[in-house]
$ cat target_34.txt   # compact mmCIF, C-alpha atoms
# COMPACT_ATOMS: atom_id res chain seq x y z
CA MET A 202 147.19 -119.34 -108.59
CA GLY A 203 148.31 -115.92 -109.79
CA ALA A 204 144.75 -114.79 -110.39
CA ARG A 205 144.07 -115.11 -106.69
CA PHE A 206 146.36 -112.24 -105.83
CA SER A 207 144.57 -108.96 -105.94
CA GLU A 208 146.57 -105.91 -106.94
CA SER A 209 146.83 -104.50 -103.43
CA ARG A 210 148.04 -107.73 -101.89
CA LEU A 211 151.12 -107.89 -104.06
CA SER A 212 152.26 -104.33 -103.76
CA MET A 213 154.83 -102.68 -101.51
CA GLN A 214 153.42 -102.66 -97.99
CA PHE A 215 155.34 -99.65 -96.69
CA GLU A 216 155.04 -95.97 -97.55
CA SER A 217 158.64 -94.98 -96.94
CA PHE A 218 161.99 -96.49 -96.12
CA SER A 219 161.79 -95.45 -92.46
CA ASP A 220 158.36 -97.03 -92.40
CA PHE A 221 159.93 -100.21 -93.72
CA LEU A 222 162.62 -100.13 -91.03
CA ALA A 223 160.06 -99.53 -88.29
CA MET A 224 158.02 -102.64 -89.26
CA GLY A 225 154.93 -101.20 -87.59
CA GLY A 226 156.77 -100.93 -84.26
CA TYR A 227 158.21 -104.42 -84.39
CA GLY A 228 161.39 -103.30 -86.18
CA PHE A 229 163.75 -104.41 -83.41
CA TYR A 230 162.46 -107.98 -83.34
CA VAL A 231 162.11 -108.38 -87.10
CA TRP A 232 165.59 -107.00 -87.86
CA LEU A 233 167.09 -108.90 -84.96
CA SER A 234 165.73 -112.10 -86.51
CA PHE A 235 166.77 -111.38 -90.08
CA GLY A 236 170.13 -109.96 -88.96
CA SER A 237 171.07 -112.94 -86.83
CA CYS A 238 169.82 -115.28 -89.55
CA ALA A 239 172.03 -113.60 -92.15
CA PHE A 240 174.95 -113.68 -89.71
CA VAL A 241 174.60 -117.41 -89.01
CA LEU A 242 174.13 -118.30 -92.69
CA LEU A 243 177.18 -116.25 -93.73
CA SER A 244 179.35 -117.61 -90.90
CA VAL A 245 178.68 -121.25 -91.70
CA LEU A 246 179.17 -120.63 -95.43
CA LEU A 247 182.38 -118.62 -95.11
CA SER A 248 183.95 -120.93 -92.53
CA SER A 249 183.23 -123.93 -94.79
CA LEU A 250 184.87 -122.17 -97.74
CA HIS A 251 187.81 -121.16 -95.54
CA ASP A 252 188.30 -124.76 -94.32
CA GLY A 253 188.60 -125.92 -97.93
CA LYS A 254 191.19 -123.26 -98.72
CA THR A 255 193.27 -124.11 -95.65
CA LEU A 256 193.13 -127.80 -96.50
CA LYS A 257 194.34 -127.28 -100.07
CA GLN A 258 197.08 -125.00 -98.79
CA GLN A 259 198.24 -127.72 -96.38
CA VAL A 260 198.43 -130.32 -99.12
CA LYS A 261 200.35 -127.88 -101.33
CA LEU A 262 202.89 -127.18 -98.58
CA GLN A 263 203.31 -130.90 -98.02
CA ILE A 264 203.99 -131.50 -101.72
CA GLU A 265 206.55 -128.68 -101.78
CA ARG A 266 208.19 -130.01 -98.62
CA GLU A 267 208.52 -133.49 -100.09
CA ALA A 268 209.98 -132.04 -103.27
CA ARG A 269 212.59 -130.16 -101.23
CA ILE A 270 213.51 -133.29 -99.26
CA LYS A 271 213.84 -135.27 -102.47
CA LYS A 272 216.04 -132.59 -104.02
CA ALA A 273 218.29 -132.43 -100.95
CA GLN A 274 218.67 -136.20 -100.94
CA GLN A 275 219.62 -136.17 -104.61
CA GLU A 276 222.23 -133.44 -104.03
CA GLN A 277 223.67 -135.41 -101.13
CA ALA A 278 223.93 -138.52 -103.23
CA VAL A 279 225.94 -136.76 -105.93
CA MET B 226 169.45 -150.89 -112.53
CA TRP B 227 171.31 -149.10 -109.76
CA LYS B 228 174.68 -149.80 -111.28
CA TRP B 229 175.21 -146.24 -112.47
CA LEU B 230 175.45 -145.29 -108.80
CA HIS B 231 178.46 -147.47 -108.07
CA PRO B 232 181.22 -145.20 -109.43
CA TYR B 233 180.13 -142.48 -107.01
CA ALA B 234 181.28 -144.63 -104.11
CA LYS B 235 184.75 -143.65 -105.27
CA ALA B 236 185.92 -140.52 -103.53
CA GLU B 237 187.20 -138.84 -106.66
CA ARG B 238 183.93 -139.27 -108.56
CA ALA B 239 181.95 -138.06 -105.57
CA TYR B 240 184.19 -134.99 -105.37
CA GLN B 241 183.62 -134.26 -109.06
CA LEU B 242 179.87 -134.68 -108.62
CA CYS B 243 179.91 -132.13 -105.78
CA ASN B 244 181.81 -129.72 -108.03
CA THR B 245 179.29 -130.17 -110.84
CA LEU B 246 176.26 -129.66 -108.62
CA LEU B 247 177.59 -126.73 -106.60
CA PRO B 248 177.05 -123.90 -109.13
CA TYR B 249 173.41 -124.93 -109.75
CA PHE B 250 172.68 -125.08 -106.04
CA THR B 251 174.38 -121.72 -105.51
CA VAL B 252 172.45 -119.86 -108.22
CA PHE B 253 169.16 -121.43 -107.14
CA THR B 254 169.75 -120.53 -103.50
CA VAL B 255 170.78 -116.92 -104.15
CA VAL B 256 167.79 -116.26 -106.42
CA CYS B 257 165.29 -117.85 -104.04
CA LEU B 258 166.76 -116.14 -100.98
CA VAL B 259 166.65 -112.69 -102.54
CA VAL B 260 163.10 -113.15 -103.88
CA GLY B 261 161.94 -114.77 -100.64
CA TRP B 262 163.35 -112.12 -98.33
CA VAL B 263 162.21 -109.12 -100.39
CA TRP B 264 158.75 -110.59 -100.89
CA GLY B 265 158.44 -111.61 -97.25
CA LEU B 266 159.75 -108.37 -95.80
CA ALA B 267 158.22 -105.78 -98.11
CA TYR B 268 155.47 -107.21 -100.30
CA ALA B 269 153.59 -109.80 -98.27
CA PRO B 270 150.62 -108.23 -96.49
CA ALA B 271 150.78 -107.71 -92.73
CA ASP B 272 149.02 -110.22 -90.51
CA TYR B 273 145.65 -109.06 -89.15
CA GLN B 274 146.60 -110.15 -85.63
CA GLN B 275 150.38 -110.08 -85.32
CA LYS B 276 150.90 -107.15 -87.74
CA ASP B 277 154.44 -106.87 -89.12
CA SER B 278 156.03 -109.01 -86.40
CA TYR B 279 154.76 -112.13 -88.17
CA ARG B 280 157.32 -111.51 -90.96
CA ILE B 281 159.75 -113.50 -88.82
CA ILE B 282 157.77 -116.54 -90.05
CA PHE B 283 159.59 -116.25 -93.40
CA ILE B 284 162.84 -117.35 -91.78
CA HIS B 285 161.61 -119.08 -88.63
CA VAL B 286 159.53 -121.76 -90.33
CA PRO B 287 162.04 -122.53 -93.12
CA SER B 288 164.94 -122.86 -90.66
CA ALA B 289 162.85 -125.04 -88.32
CA ILE B 290 161.73 -127.30 -91.18
CA LEU B 291 165.27 -127.57 -92.51
CA SER B 292 166.71 -128.23 -89.05
CA MET B 293 164.58 -131.39 -89.08
CA GLY B 294 165.02 -132.05 -92.80
CA ALA B 295 168.80 -131.86 -92.51
CA TYR B 296 168.64 -134.20 -89.53
CA SER B 297 166.60 -136.73 -91.53
CA SER B 298 169.09 -136.59 -94.40
CA MET B 299 171.94 -137.00 -91.94
CA ALA B 300 170.26 -140.04 -90.38
CA ILE B 301 169.62 -141.59 -93.83
CA ALA B 302 173.29 -141.07 -94.70
CA ALA B 303 174.19 -142.67 -91.35
CA ILE B 304 172.07 -145.75 -92.11
CA VAL B 305 173.65 -146.05 -95.56
CA ALA B 306 177.10 -145.68 -94.01
CA LEU B 307 176.47 -148.39 -91.41
CA VAL B 308 174.61 -150.88 -93.61
CA TRP B 309 176.59 -150.61 -96.85
CA GLN B 310 179.87 -149.48 -95.31
CA LEU B 311 180.13 -146.56 -97.69
CA ARG B 312 182.76 -144.12 -96.53
CA ASN B 313 181.32 -141.26 -98.55
CA ALA B 314 178.03 -141.62 -96.69
CA GLU B 315 179.91 -141.34 -93.42
CA LEU B 316 181.56 -138.16 -94.66
CA ALA B 317 178.12 -136.85 -95.67
CA VAL B 318 176.93 -137.28 -92.06
CA VAL B 319 179.77 -135.07 -90.85
CA ALA B 320 179.22 -132.62 -93.72
CA ILE B 321 175.51 -132.09 -92.99
CA ALA B 322 175.76 -131.72 -89.21
CA PRO B 323 177.20 -128.15 -89.03
CA VAL B 324 174.65 -126.62 -91.40
CA GLY B 325 171.88 -128.54 -89.62
CA ALA B 326 173.08 -127.09 -86.35
CA ALA B 327 173.09 -123.64 -87.96
CA MET B 328 169.45 -124.11 -89.05
CA THR B 329 168.54 -125.12 -85.49
CA VAL B 330 170.28 -122.06 -84.04
CA ILE B 331 168.41 -119.80 -86.50
CA ALA B 332 165.09 -121.45 -85.60
CA LEU B 333 165.77 -120.95 -81.88
CA VAL B 334 167.00 -117.34 -82.18
CA THR B 335 164.25 -116.18 -84.54
CA GLY B 336 161.75 -118.02 -82.33
CA ALA B 337 163.01 -116.11 -79.31
CA ALA B 338 162.81 -112.79 -81.18
CA TRP B 339 159.25 -113.66 -82.19
CA GLY B 340 158.29 -114.97 -78.76
CA LYS B 341 159.28 -111.78 -76.95
CA PRO B 342 156.74 -109.45 -78.61
CA MET B 343 154.01 -112.11 -78.95
CA TRP B 344 154.25 -114.14 -75.72
CA GLY B 345 156.19 -111.63 -73.61
CA ALA B 346 159.11 -114.01 -73.08
CA TRP B 347 162.28 -114.76 -75.02
CA TRP B 348 162.25 -118.36 -73.86
CA VAL B 349 159.86 -120.75 -72.13
CA TRP B 350 160.53 -124.38 -71.24
CA ASP B 351 157.80 -125.50 -73.56
CA ALA B 352 157.72 -128.90 -75.31
CA ARG B 353 158.38 -127.50 -78.80
CA LEU B 354 161.22 -125.22 -77.75
CA THR B 355 162.86 -127.79 -75.50
CA SER B 356 162.77 -130.58 -78.09
CA GLU B 357 164.24 -128.19 -80.68
CA LEU B 358 167.02 -127.34 -78.22
CA ILE B 359 167.67 -131.07 -77.81
CA LEU B 360 167.98 -131.28 -81.60
CA LEU B 361 170.80 -128.71 -81.43
CA PHE B 362 172.55 -130.82 -78.77
CA LEU B 363 172.15 -133.90 -80.98
CA TYR B 364 173.87 -132.12 -83.88
CA LEU B 365 176.67 -130.94 -81.60
CA GLY B 366 176.90 -134.43 -80.09
CA VAL B 367 177.32 -136.06 -83.52
CA LEU B 368 180.04 -133.55 -84.42
CA SER B 369 181.98 -133.77 -81.17
CA LEU B 370 181.70 -137.55 -81.09
CA TYR B 371 183.21 -137.69 -84.58
CA HIS B 372 186.06 -135.41 -83.62
CA ALA B 373 186.68 -137.12 -80.28
CA PHE B 374 188.07 -140.32 -81.82
CA GLU B 375 191.59 -140.51 -83.14
CA ASP B 376 190.64 -143.47 -85.32
CA LYS B 377 188.26 -142.13 -87.96
CA LYS B 378 186.69 -145.54 -88.56
CA SER B 379 185.31 -145.84 -85.04
CA ALA B 380 184.61 -142.10 -85.06
CA GLY B 381 182.37 -142.47 -88.08
CA LYS B 382 180.59 -145.46 -86.63
CA ALA B 383 179.90 -143.76 -83.29
CA ALA B 384 178.66 -140.58 -84.95
CA CYS B 385 176.36 -142.58 -87.25
CA ILE B 386 174.83 -144.53 -84.36
CA LEU B 387 174.13 -141.34 -82.40
CA ALA B 388 172.62 -139.73 -85.52
CA ILE B 389 170.25 -142.70 -85.99
CA VAL B 390 169.24 -142.91 -82.32
CA GLY B 391 168.51 -139.17 -82.33
CA VAL B 392 165.81 -139.61 -85.00
CA ILE B 393 163.42 -140.40 -82.13
CA ASN B 394 163.47 -136.67 -81.40
CA LEU B 395 162.00 -135.69 -84.81
CA PRO B 396 158.43 -136.93 -84.25
CA ILE B 397 158.61 -135.51 -80.74
CA ILE B 398 159.37 -132.05 -82.19
CA HIS B 399 156.71 -132.36 -84.85
CA PHE B 400 153.89 -133.56 -82.62
CA SER B 401 154.93 -131.62 -79.50
CA VAL B 402 152.36 -128.93 -80.26
CA GLU B 403 149.60 -131.56 -80.30
CA TRP B 404 150.74 -133.88 -77.52
CA TRP B 405 151.36 -131.21 -74.93
CA ASN B 406 149.67 -128.04 -73.98
CA THR B 407 152.04 -125.44 -75.30
CA LEU B 408 152.45 -121.77 -76.01
CA HIS B 409 153.74 -122.53 -79.48
CA GLN B 410 151.11 -122.21 -82.18
CA GLY B 411 150.06 -125.26 -84.18
CA ALA B 412 151.12 -126.28 -87.65
CA THR B 413 150.70 -123.66 -90.37
CA ILE B 414 151.36 -125.31 -93.70
CA THR B 415 151.28 -129.05 -93.08
CA LYS B 416 147.50 -128.80 -93.02
CA PHE B 417 147.32 -127.36 -96.49
CA ASP B 418 143.63 -127.77 -97.31
CA THR B 419 142.32 -126.11 -94.19
CA SER B 420 144.29 -123.03 -95.36
CA ALA B 421 145.72 -121.77 -92.10
CA ILE B 422 147.67 -119.32 -94.24
CA ASP B 423 146.64 -117.12 -97.13
CA PRO B 424 148.29 -117.73 -100.55
CA SER B 425 149.75 -114.20 -100.49
CA MET B 426 151.80 -115.30 -97.47
CA LEU B 427 152.16 -118.97 -98.39
CA TRP B 428 154.07 -118.36 -101.63
CA PRO B 429 156.89 -116.26 -100.17
CA LEU B 430 157.07 -118.81 -97.34
CA LEU B 431 157.43 -121.71 -99.76
CA ILE B 432 160.11 -119.82 -101.71
CA ASN B 433 162.03 -119.27 -98.49
CA ILE B 434 161.72 -122.94 -97.58
CA VAL B 435 163.26 -124.06 -100.89
CA ALA B 436 165.88 -121.29 -100.53
CA PHE B 437 166.92 -122.63 -97.13
CA ALA B 438 166.91 -126.17 -98.51
CA GLY B 439 169.19 -124.95 -101.30
CA PHE B 440 171.45 -123.33 -98.74
CA VAL B 441 171.72 -126.57 -96.77
CA GLY B 442 172.65 -128.22 -100.09
CA VAL B 443 175.33 -125.63 -100.90
CA VAL B 444 177.05 -125.87 -97.52
CA THR B 445 176.77 -129.67 -97.45
CA LEU B 446 178.42 -129.90 -100.88
CA ILE B 447 181.25 -127.56 -99.84
CA ARG B 448 181.81 -129.45 -96.60
CA LEU B 449 181.58 -132.85 -98.27
CA LYS B 450 184.30 -131.73 -100.68
CA ASN B 451 186.42 -130.69 -97.69
CA GLU B 452 185.85 -133.99 -95.89
CA ILE B 453 186.77 -136.00 -98.99
CA LEU B 454 189.96 -133.96 -99.46
CA GLN B 455 190.82 -134.40 -95.78
CA ARG B 456 190.34 -138.17 -95.95
CA GLU B 457 192.17 -138.57 -99.25
CA LYS B 458 194.89 -135.99 -98.88
CA HIS B 459 197.69 -138.51 -99.43
CA ARG B 460 196.17 -139.89 -102.62
CA PRO B 461 197.63 -138.94 -106.00
CA TRP B 462 194.38 -137.48 -107.37
CA VAL B 463 194.20 -134.93 -104.55
CA ARG B 464 197.83 -134.00 -105.13
CA ASP B 465 197.18 -133.56 -108.85
CA LEU B 466 194.13 -131.45 -108.07
CA VAL B 467 196.00 -129.18 -105.67
CA SER B 468 199.07 -128.76 -107.89
CA ARG B 469 196.88 -127.93 -110.87
CA GLY B 470 194.66 -125.42 -109.08
$ encode --input "target_34.txt" --output "structure tokens"
Amino acid sequence: MGARFSESRLSMQFESFSDFLAMGGYGFYVWLSFGSCAFVLLSVLLSSLHDGKTLKQQVKLQIEREARIKKAQQEQAV
Amino acid sequence: MWKWLHPYAKAERAYQLCNTLLPYFTVFTVVCLVVGWVWGLAYAPADYQQKDSYRIIFIHVPSAILSMGAYSSMAIAAIVALVWQLRNAELAVVAIAPVGAAMTVIALVTGAAWGKPMWGAWWVWDARLTSELILLFLYLGVLSLYHAFEDKKSAGKAACILAIVGVINLPIIHFSVEWWNTLHQGATITKFDTSAIDPSMLWPLLINIVAFAGFVGVVTLIRLKNEILQREKHRPWVRDLVSRG
């Protein structure tokens, strides 16, 4: 497959960075697409990670709470 | 022959499997995304007709394909959950839905941003666009149905049934560009041999498709872990896990 690429077709398509940003006049639409895509991907990823953290934290608090209750009951019994 | 699968019906084993797979999926996704985006944005040649605006294809097509792919996986998990009564499969349905919805949103937004310069409109009530919008509502419906029930057993069942019924929408999306007269252009890569796309554009596109698939995998694994923890939070193994970590 690789042989089918000619040198020019696999090289940088833009002369300068501002050229790259301009996207031949379509910069707004291209960057709007890639920007919103990155935003949605990051949001769903980070919120999923955050959910897991919150969940573990809840379980931890519950364990600590139960330990406290148990301790209090033991002290009362003495 | 399929006996090796049985232990994974246990929540703890399934959780461990998610943990084992996650790093591989993550590395694969990051590498493919970086290569795919750089190649697509900077190195792929401009289209002779649409110039640089066509570069949106490198995220539009992958997200659209994965919005349907994720839905298919969700429906398969739903069938498994209903037929074999596997709770993990039910959790997988709920784990896939949010990232599937995200893929659908990306497909719709990037489609709008591509439609404006090419068709002159952000949105048209065209068969392809409308059926994709319905797909988003199906994802949201599955999620809200699941969260609407107090009893998680009936919640899972209801969500699974909706997920399976919604499959009818997938062929409608796929064939909408053939069945109806639409603004949306026809298939690009599913007719491989007629080469509607040049290899210099096809390769970065394929890399982006597997990158998005990897991303769906990463988020599904993370969310499946969360759902298992949520369901099993009173079990000793979860308590051990949390106290250790």
$ residues_around --input "target_34.txt" --residues "stretch 338-351 of chain B" --least-positions-apart "3" --cutoff "8 Å" --atoms "all atoms listed in the file" --output "list of chain:residue names"
A:Tyr227, A:Tyr230, A:Val231, A:Leu233, A:Ser234, B:Gln275, B:Ser278, B:Tyr279, B:Ile281, B:Val334, B:Thr335, B:Leu354, B:Thr355, B:Thr407, B:Leu408, B:His409
$ interface_residues --input "target_34.txt" --of "chain A" --to "chain B" --cutoff "9 Å" --atoms "only C-alpha atoms" --output "JSON, numbers by chain"
{"A": [202, 205, 206, 209, 210, 211, 212, 213, 214, 215, 221, 224, 225, 226, 227, 228, 229, 230, 231, 232, 233, 234, 235, 237, 238, 241, 242, 245, 246, 249, 250, 252, 253, 254, 256, 257, 258, 260, 261, 264]}
$ residues_around --input "target_34.txt" --residues "B:Tyr296" --least-positions-apart "5" --cutoff "10 Å" --atoms "all atoms listed in the file" --output "ChimeraX atom specification"
/B:290-291,301-302,318,321-322,324-326,329,360,363-364,388-389,391-392,394-395
$ atom_distance --input "target_34.txt" --atom1 "atom CA of B:Ala234" --atom2 "atom CA of B:Leu316"
11.5 Å
$ atom_distance --input "target_34.txt" --atom1 "atom CA of B:Gly294" --atom2 "atom CA of B:Ile359"
15.3 Å
$ closest_residue --input "target_34.txt" --among "B:Asn313, B:Leu427, B:Ala295, B:Gln274" --to "B:Lys235" --atoms "all atoms listed in the file"
B:Asn313
$ closest_residue --input "target_34.txt" --among "B:Ala436, B:Leu358, B:Leu307, B:Leu430" --to "B:Val252" --atoms "all atoms listed in the file"
B:Ala436
$ atom_distance --input "target_34.txt" --atom1 "atom CA of B:His399" --atom2 "atom CA of B:Ser292"
11.6 Å
$ residues_around --input "target_34.txt" --residues "B:Asn433" --least-positions-apart "6" --cutoff "7 Å" --atoms "all atoms listed in the file" --output "PyMOL selection string"
chain B and resi 257-258+261+283+287
